[in-house]
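Colleague: Got final_36.txt for you, compact mmCIF, C-alpha atoms:
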# COMPACT_ATOMS: atom_id res chain seq x y z
CA MET Z 19 100.79 83.01 102.23
CA GLU Z 20 97.05 82.52 101.70
CA ARG Z 21 97.53 78.73 101.76
CA VAL Z 22 99.36 79.01 105.08
CA LYS Z 23 96.40 80.95 106.51
CA VAL Z 24 94.00 78.25 105.30
CA PHE Z 25 96.12 75.51 106.94
CA VAL Z 26 96.34 77.44 110.22
CA MET Z 27 92.57 78.00 110.29
CA MET Z 28 91.79 74.33 109.62
CA ALA Z 29 94.28 73.19 112.25
CA GLY Z 30 92.84 75.72 114.69
CA LEU Z 31 89.30 74.51 114.03
CA THR Z 32 90.35 70.91 114.66
CA ALA Z 33 92.13 71.77 117.90
CA LEU Z 34 89.22 73.89 119.16
CA LEU Z 35 86.64 71.18 118.47
CA VAL Z 36 88.79 68.50 120.12
CA VAL Z 37 89.10 70.68 123.23
CA ILE Z 38 85.33 71.26 123.29
CA GLY Z 39 84.62 67.55 122.83
CA GLY Z 40 87.12 66.60 125.52
CA ALA Z 41 85.70 69.09 128.01
CA TRP Z 42 82.17 67.85 127.30
CA GLN Z 43 82.56 64.07 127.14
CA GLY Z 44 86.21 63.23 127.75
CA THR Z 45 88.18 61.03 125.35
CA SER Z 46 85.12 59.76 123.50
CA GLY Z 47 83.89 63.32 122.95
CA ALA Z 48 87.32 64.42 121.72
CA LEU Z 49 87.39 61.57 119.17
CA VAL Z 50 83.87 62.32 117.95
CA PHE Z 51 84.64 66.01 117.54
CA PHE Z 52 87.95 65.21 115.82
CA GLY Z 53 86.00 63.21 113.24
CA PHE Z 54 83.51 66.04 112.89
CA ALA Z 55 86.37 68.53 112.38
CA ALA Z 56 87.81 66.37 109.61
CA VAL Z 57 84.45 66.34 107.84
CA MET Z 58 84.05 70.09 108.33
CA ASN Z 59 87.52 70.84 106.94
CA PHE Z 60 86.79 68.77 103.83
CA ALA Z 61 83.39 70.39 103.34
CA MET Z 62 84.72 73.91 103.93
CA TYR Z 63 87.41 73.56 101.29
CA TRP Z 64 85.14 72.16 98.59
CA TRP Z 65 81.73 73.71 99.37
CA SER Z 66 82.28 76.76 101.56
CA ASP Z 67 81.34 79.08 98.68
CA LYS Z 68 77.91 77.43 98.50
CA MET Z 69 77.54 77.80 102.28
CA VAL Z 70 78.33 81.52 102.06
CA LEU Z 71 75.88 82.05 99.21
CA ARG Z 72 73.25 80.38 101.36
CA MET Z 73 74.06 82.73 104.26
CA TYR Z 74 73.31 85.66 101.92
CA ARG Z 75 70.36 83.83 100.30
CA ALA Z 76 72.08 84.50 96.96
CA ARG Z 77 71.44 82.61 93.72
CA ILE Z 78 73.67 82.05 90.71
CA ILE Z 79 72.31 83.80 87.62
CA GLN Z 80 72.85 83.42 83.88
CA GLU Z 81 73.95 86.08 81.43
CA SER Z 82 70.39 86.44 80.15
CA ASP Z 83 69.25 87.42 83.68
CA ALA Z 84 71.51 90.50 83.90
CA PRO Z 85 73.33 91.10 80.59
CA GLU Z 86 74.73 94.52 81.52
CA LEU Z 87 76.18 93.19 84.77
CA TYR Z 88 77.69 90.24 82.92
CA ARG Z 89 79.29 92.48 80.30
CA LEU Z 90 80.77 94.75 82.95
CA ILE Z 91 82.27 91.85 84.93
CA ASP Z 92 83.54 90.24 81.73
CA ARG Z 93 85.31 93.44 80.66
CA LEU Z 94 86.90 93.93 84.08
CA ARG Z 95 88.00 90.34 84.49
CA ARG Z 96 89.73 90.52 81.08
CA LYS Z 97 91.64 93.59 82.23
CA ALA Z 98 92.58 91.70 85.41
CA GLY Z 99 93.65 88.59 83.46
CA LEU Z 100 91.11 86.36 85.20
CA PRO Z 101 88.71 83.64 84.03
CA MET Z 102 85.04 84.58 83.99
CA PRO Z 103 83.59 84.01 87.48
CA LEU Z 104 80.09 82.86 88.25
CA VAL Z 105 77.73 85.75 88.97
CA ALA Z 106 75.20 85.77 91.80
CA ILE Z 107 72.60 88.16 93.16
CA ALA Z 108 71.51 88.37 96.80
CA PRO Z 109 67.98 89.71 97.43
CA SER Z 110 68.97 92.30 100.05
CA GLU Z 111 68.02 95.92 99.45
CA GLN Z 112 71.24 97.06 101.13
CA PRO Z 113 73.83 97.89 98.43
CA ASN Z 114 76.81 95.56 98.90
CA ALA Z 115 78.93 92.95 97.13
CA PHE Z 116 81.40 90.16 97.86
CA ALA Z 117 83.51 87.48 96.18
CA THR Z 118 83.80 83.86 97.23
CA GLY Z 119 85.23 80.58 95.96
CA ARG Z 120 88.36 78.49 96.50
CA ASN Z 121 90.40 79.86 93.55
CA PRO Z 122 90.06 82.09 90.47
CA GLU Z 123 88.79 79.14 88.43
CA HIS Z 124 85.93 78.58 90.88
CA ALA Z 125 85.15 82.17 91.88
CA VAL Z 126 81.75 83.75 92.42
CA VAL Z 127 81.11 87.50 92.38
CA CYS Z 128 77.88 88.41 94.14
CA CYS Z 129 75.98 91.70 94.12
CA THR Z 130 72.93 92.57 96.16
CA ALA Z 131 69.77 93.70 94.43
CA GLY Z 132 70.20 97.06 96.14
CA ILE Z 133 73.60 97.83 94.65
CA LEU Z 134 72.28 97.26 91.14
CA ARG Z 135 69.58 99.87 91.74
CA LEU Z 136 71.15 102.48 93.99
CA VAL Z 137 74.71 103.18 92.79
CA SER Z 138 75.98 104.76 89.60
CA SER Z 139 77.60 102.72 86.85
CA ASP Z 140 81.04 104.18 87.65
CA GLU Z 141 80.68 103.26 91.31
CA LEU Z 142 79.47 99.76 90.45
CA GLU Z 143 82.50 99.32 88.21
CA GLY Z 144 84.79 100.28 91.09
CA VAL Z 145 83.06 97.85 93.45
CA LEU Z 146 83.26 94.96 90.98
CA ALA Z 147 86.92 95.73 90.29
CA HIS Z 148 87.54 95.54 94.05
CA GLU Z 149 85.88 92.10 94.24
CA LEU Z 150 87.84 90.85 91.23
CA ALA Z 151 90.99 92.11 92.97
CA HIS Z 152 90.16 89.77 95.87
CA VAL Z 153 89.92 86.96 93.32
CA LYS Z 154 93.23 87.97 91.70
CA LEU Z 155 94.97 88.16 95.08
CA ARG Z 156 93.41 84.83 96.17
CA HIS Z 157 91.86 86.33 99.31
CA MET Z 158 88.50 84.61 98.85
CA LEU Z 159 89.33 81.10 100.12
CA VAL Z 160 90.62 82.45 103.43
CA GLY Z 161 87.60 84.67 103.92
CA THR Z 162 85.12 82.02 102.82
CA ILE Z 163 86.56 79.33 105.11
CA ALA Z 164 86.72 81.78 108.02
CA ALA Z 165 83.04 82.61 107.56
CA THR Z 166 81.89 78.99 107.48
CA MET Z 167 84.24 78.04 110.31
CA ALA Z 168 82.83 80.71 112.61
CA GLY Z 169 79.30 79.59 111.81
CA ALA Z 170 80.19 75.97 112.53
CA VAL Z 171 81.87 76.74 115.86
CA ALA Z 172 78.91 78.84 117.00
CA MET Z 173 76.48 76.08 116.03
CA ILE Z 174 78.49 73.42 117.88
CA ALA Z 175 78.76 75.63 120.96
CA ARG Z 176 74.96 75.98 121.02
CA ILE Z 177 74.48 72.21 120.68
CA VAL Z 178 76.91 71.52 123.51
CA GLY Z 179 75.33 74.23 125.65
CA TRP Z 180 71.83 72.81 125.24
CA GLY Z 181 73.17 69.34 125.97
CA MET Z 182 74.67 70.54 129.22
CA MET Z 183 71.52 72.37 130.27
CA PHE Z 184 69.04 69.60 129.55
CA GLY Z 185 71.22 66.51 129.69
CA GLY Z 186 73.03 67.36 132.88
CA TYR Z 187 76.30 66.20 131.33
CA GLY Z 188 79.43 66.73 133.28
CA GLY Z 189 82.96 66.35 132.04
CA ARG Z 190 83.94 62.81 130.98
CA GLY Z 191 80.47 61.39 131.29
CA ASP Z 192 79.84 62.52 134.86
CA ARG Z 193 76.12 63.38 135.08
CA ARG Z 194 76.26 65.04 138.47
CA GLY Z 195 76.30 68.50 136.90
CA GLN Z 196 78.51 70.57 134.69
CA ASN Z 197 81.71 71.99 136.12
CA PRO Z 198 81.30 75.81 136.21
CA LEU Z 199 84.70 76.25 134.55
CA GLU Z 200 83.66 74.01 131.67
CA MET Z 201 80.41 75.93 131.31
CA LEU Z 202 82.43 79.15 131.22
CA ALA Z 203 84.58 77.66 128.46
CA MET Z 204 81.45 77.07 126.41
CA ILE Z 205 80.29 80.64 127.00
CA VAL Z 206 83.51 82.08 125.55
CA VAL Z 207 83.36 79.95 122.39
CA ALA Z 208 81.55 82.66 120.42
CA PRO Z 209 84.16 85.36 121.18
CA ILE Z 210 86.87 82.83 120.29
CA ALA Z 211 85.18 82.29 116.94
CA ALA Z 212 85.12 86.04 116.36
CA MET Z 213 88.80 86.33 117.24
CA LEU Z 214 89.64 83.51 114.86
CA ILE Z 215 88.01 85.48 112.08
CA GLN Z 216 89.81 88.68 113.03
CA PHE Z 217 93.19 86.96 113.18
CA ALA Z 218 92.62 84.98 109.99
CA ILE Z 219 91.33 87.86 107.90
CA SER Z 220 93.83 90.68 107.79
CA ARG Z 221 92.36 94.12 107.32
CA GLN Z 222 95.32 94.67 105.03
CA ASN Z 223 93.52 92.47 102.49
CA GLU Z 224 90.90 95.19 102.04
CA PHE Z 225 93.54 97.84 101.42
CA GLN Z 226 95.24 95.56 98.90
CA ALA Z 227 91.97 94.87 97.10
CA ASP Z 228 91.16 98.59 97.05
CA ARG Z 229 94.49 99.38 95.41
CA VAL Z 230 94.43 96.55 92.89
CA GLY Z 231 90.75 97.18 92.16
CA ALA Z 232 91.51 100.85 91.47
CA GLU Z 233 94.25 99.77 89.09
CA ILE Z 234 91.89 97.39 87.30
CA CYS Z 235 89.17 99.98 86.70
CA GLY Z 236 91.59 102.91 86.43
CA ARG Z 237 89.48 105.23 88.63
CA PRO Z 238 90.30 105.17 92.36
CA LEU Z 239 87.85 107.98 93.09
CA SER Z 240 84.91 105.99 91.71
CA LEU Z 241 85.69 103.24 94.23
CA ALA Z 242 86.21 105.83 96.97
CA GLN Z 243 82.81 107.39 96.31
CA ALA Z 244 81.21 103.94 96.20
CA LEU Z 245 82.67 103.04 99.60
CA GLN Z 246 81.28 106.21 101.13
CA ASP Z 247 77.84 105.66 99.62
CA LEU Z 248 77.72 101.97 100.58
CA GLU Z 249 78.73 102.78 104.16
CA ASN Z 250 75.93 105.33 104.39
CA TYR Z 251 73.39 102.87 102.99
CA ALA Z 252 74.58 100.16 105.41
CA GLN Z 253 73.84 102.50 108.30
CA ARG Z 254 70.23 102.93 107.15
CA ILE Z 255 69.24 99.70 105.37
CA PRO Z 256 69.58 96.52 107.45
CA MET Z 257 70.76 93.23 105.99
CA GLY Z 258 69.71 89.91 107.48
CA VAL Z 259 72.94 87.91 107.19
CA ASN Z 260 74.86 85.61 109.50
CA PRO Z 261 77.47 87.82 111.24
CA ALA Z 262 80.10 85.17 110.48
CA ALA Z 263 79.86 86.06 106.77
CA ALA Z 264 79.85 89.83 107.23
CA GLN Z 265 83.58 90.29 106.65
CA LEU Z 266 83.28 89.05 103.06
CA ALA Z 267 81.27 92.09 101.94
CA ILE Z 268 83.01 95.18 100.57
CA VAL Z 269 81.60 97.23 103.48
CA ASN Z 270 80.38 95.81 106.78
CA PRO Z 271 76.70 94.94 106.17
CA LEU Z 272 76.06 95.10 109.93
CA SER Z 273 77.34 98.67 110.34
CA GLY Z 274 73.95 99.85 111.50
CA GLN Z 275 73.84 97.18 114.24
CA ARG Z 276 77.11 97.82 116.04
CA GLY Z 277 75.25 98.75 119.19
CA LEU Z 278 74.23 95.09 119.47
CA GLY Z 279 77.83 94.02 120.07
CA LEU Z 280 78.37 92.84 116.50
CA ASN Z 281 81.45 95.02 116.18
CA LEU Z 282 83.41 91.91 117.18
CA PHE Z 283 82.98 90.87 113.56
CA SER Z 284 84.03 94.26 112.19
CA THR Z 285 87.12 93.12 110.29
CA HIS Z 286 86.87 96.01 107.82
CA PRO Z 287 89.19 98.99 108.13
CA SER Z 288 87.47 102.32 108.49
CA THR Z 289 85.90 103.68 105.33
CA GLU Z 290 87.57 107.04 105.98
CA GLU Z 291 91.03 105.49 105.88
CA ARG Z 292 90.21 103.49 102.76
CA VAL Z 293 88.95 106.62 100.99
CA GLN Z 294 92.04 108.56 102.05
CA ARG Z 295 94.35 105.91 100.62
CA LEU Z 296 92.43 105.84 97.36
CA GLN Z 297 92.64 109.63 97.15
CA GLU Z 298 96.41 109.43 97.68
CA LEU Z 299 96.63 106.77 94.98
CA ALA Z 300 94.67 108.92 92.53
CA ASP Z 301 96.99 111.87 93.23
CA SER Z 302 100.22 109.87 92.91
CA PRO Z 303 102.38 110.70 89.86
CA GLU Z 304 102.95 107.02 89.15
CA PHE Z 305 99.23 106.23 88.93
CA LYS Z 306 98.60 109.30 86.81
CA ARG Z 307 101.39 108.23 84.46
CA LEU Z 308 100.01 104.72 84.07
CA HIS Z 309 96.29 105.55 83.99
CA GLY Z 310 96.13 109.20 83.09
Write the structure described by the file as structure tokens, please.
Modeller:
Amino acid sequence: MERVKVFVMMAGLTALLVVIGGAWQGTSGALVFFGFAAVMNFAMYWWSDKMVLRMYRARIIQESDAPELYRLIDRLRRKAGLPMPLVAIAPSEQPNAFATGRNPEHAVVCCTAGILRLVSSDELEGVLAHELAHVKLRHMLVGTIAATMAGAVAMIARIVGWGMMFGGYGGRGDRRGQNPLEMLAMIVVAPIAAMLIQFAISRQNEFQADRVGAEICGRPLSLAQALQDLENYAQRIPMGVNPAAAQLAIVNPLSGQRGLGLNLFSTHPSTEERVQRLQELADSPEFKRLHG
């Protein structure tokens, strides 16, 4: 299913760029943008994890840089039956975390500097188990490609917009002025990019990762408490990250900026509902039997 989502996103990106190129410069523009889409699809599959790490200004670290973090991730990934991922740290003071990479063999688990300082060890374990659950469920490729795709579409829309404003380009090479309908099409590119993310990234993925993560660490309430604390921190401590990459984090890093219209990128389910489901899981007889 995840592979189908990846194919649909790449096909959608290609179609969208061809439409933009055709509206801007006719057949020649459509061909140029088709070629650009092919390059973008190739780059997104192989290097989108590096692009996402750059959006968060994160760096890959070695075991000697954070031995306790390494040992915790190593213990959890063994319980999950996963290979050891790369570990990265983003410099943000906002406590948060995410996973990226194209498959479990090329996964990266990233923590912010804030989460390593501001949450308890039990809560950190729950958060890391959640991110490893995304790796186990193979959610990361879809999320990573969606993030880089949205960034690419927004960048191209800006380039085309500036070209229209200063170049006076009309459709199909006509320089007498841009058709207002075509200009309107460019204006709605950003919302289209946001919708692509929302359709491509199911909020159900977060519920699945919460459940599997709770099973990996064995303590749903530790993850529930972590989600509540991280949501509160996100409201108070800003994070300077590209909105296109926000949905990868365990809680929305832009929660405190919703008044700016960034809720379009809010692909996370509500923290209250996530906590409620984790509470129900902790109280279920089956979970108690397996992990009690």
Colleague: Could you please determine the separation between atom CA of Z:Pro103 and atom CA of Z:Ser82 in Å, to one decimal place?
Modeller: 15.3 Å
Colleague: Show me, as a ChimeraX atom specification, the residues that have an atom within 7 Å of stretch 87-98 of chain Z when counting all atoms listed in the file, minus same-chain residues fewer than 2 positions from it.
Modeller: /Z:81,84-85,100-102,146-147,150,234-235
Colleague: Keeping C-alpha atoms, export the residues of the selection given above as a compact mmCIF listing (two decimals), in the coordinates of the input.
Modeller:
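Result written to selection.txt:
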# COMPACT_ATOMS: atom_id res chain seq x y z
CA GLU Z 81 73.95 86.08 81.43
CA ALA Z 84 71.51 90.50 83.90
CA PRO Z 85 73.33 91.10 80.59
CA LEU Z 100 91.11 86.36 85.20
CA PRO Z 101 88.71 83.64 84.03
CA MET Z 102 85.04 84.58 83.99
CA LEU Z 146 83.26 94.96 90.98
CA ALA Z 147 86.92 95.73 90.29
CA LEU Z 150 87.84 90.85 91.23
CA ILE Z 234 91.89 97.39 87.30
CA CYS Z 235 89.17 99.98 86.70
Colleague: Between Z:Arg229, Z:His124, Z:Lys154, Z:Arg72, which residue has the minimum interatomic distance to Z:Arg292, considering all atoms listed in the file?
Modeller: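 Checking each candidate against Z:Arg292, we get Z:Arg229 as the closest.
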Colleague: Which residues are close to Z:Asp228, i.e. within 10 Å by all atoms listed in the file, leaving aside same-chain residues fewer than 2 positions away? Reply as JSON, numbers by chain.
Modeller: {"Z": [144, 145, 147, 148, 149, 151, 152, 222, 223, 224, 225, 226, 230, 231, 232, 233, 234, 238, 241, 242, 245, 268, 292, 293, 295, 296]}
Colleague: Please determine, counting only C-alpha atoms, which residue among Z:Leu159, Z:Ala117, Z:Ile255, Z:Leu134 has the shortest atom-to-atom distance to Z:Ala267.
Modeller: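 Closest residue, counting only C-alpha atoms: Z:Ala117.
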Colleague: As a PyMOL selection string, please: the residues near Z:Tyr74 (cut-off 8 Å, only C-alpha atoms, same-chain neighbours under 5 positions excluded).
Modeller: chain Z and resi 108+258-260
Colleague: Could you state the separation of atom CA of Z:Phe52 and atom CA of Z:Trp65 in Å, given to one decimal place?
Modeller: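 We find that atom CA of Z:Phe52 and atom CA of Z:Trp65 lie 19.5 Å from each other.
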Colleague: Z:Ala244, Z:Cys128, Z:Ala56, Z:Val36: which is nearest Z:Phe116, counting all atoms listed in the file?
Modeller: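 Of Z:Ala244, Z:Cys128, Z:Ala56, Z:Val36, the one nearest Z:Phe116 is Z:Cys128, counting all atoms listed in the file.
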Colleague: Write out as a PyMOL selection string each polymer residue whose atoms come within 6 Å of Z:Thr118, counting only C-alpha atoms; drop sequence neighbours fewer than 6 positions from it.
Modeller: chain Z and resi 67+125-126+158
Colleague: With all atoms listed in the file as the counted atoms, please give the residues lying no more than 12 Å from Z:Ala131, apart from itself and same-chain residues fewer than 6 positions off, as a PyMOL selection string.
Modeller: chain Z and resi 74-77+84+87+106-115+137+257
Colleague: If I take atom CA of Z:Gln265 and atom CA of Z:Arg221, how far is one from the other in Å, to one decimal?
Modeller: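 Going from atom CA of Z:Gln265 over to atom CA of Z:Arg221, I get 9.6 Å.
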Colleague: Measuring atom to atom with all atoms listed in the file, identify which of Z:Ile79, Z:Leu248, Z:Leu155, Z:Leu266 is nearest to Z:Ala227.
Modeller: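 Checking each of Z:Ile79, Z:Leu248, Z:Leu155, Z:Leu266 against Z:Ala227, counting all atoms listed in the file, the winner is Z:Leu155.
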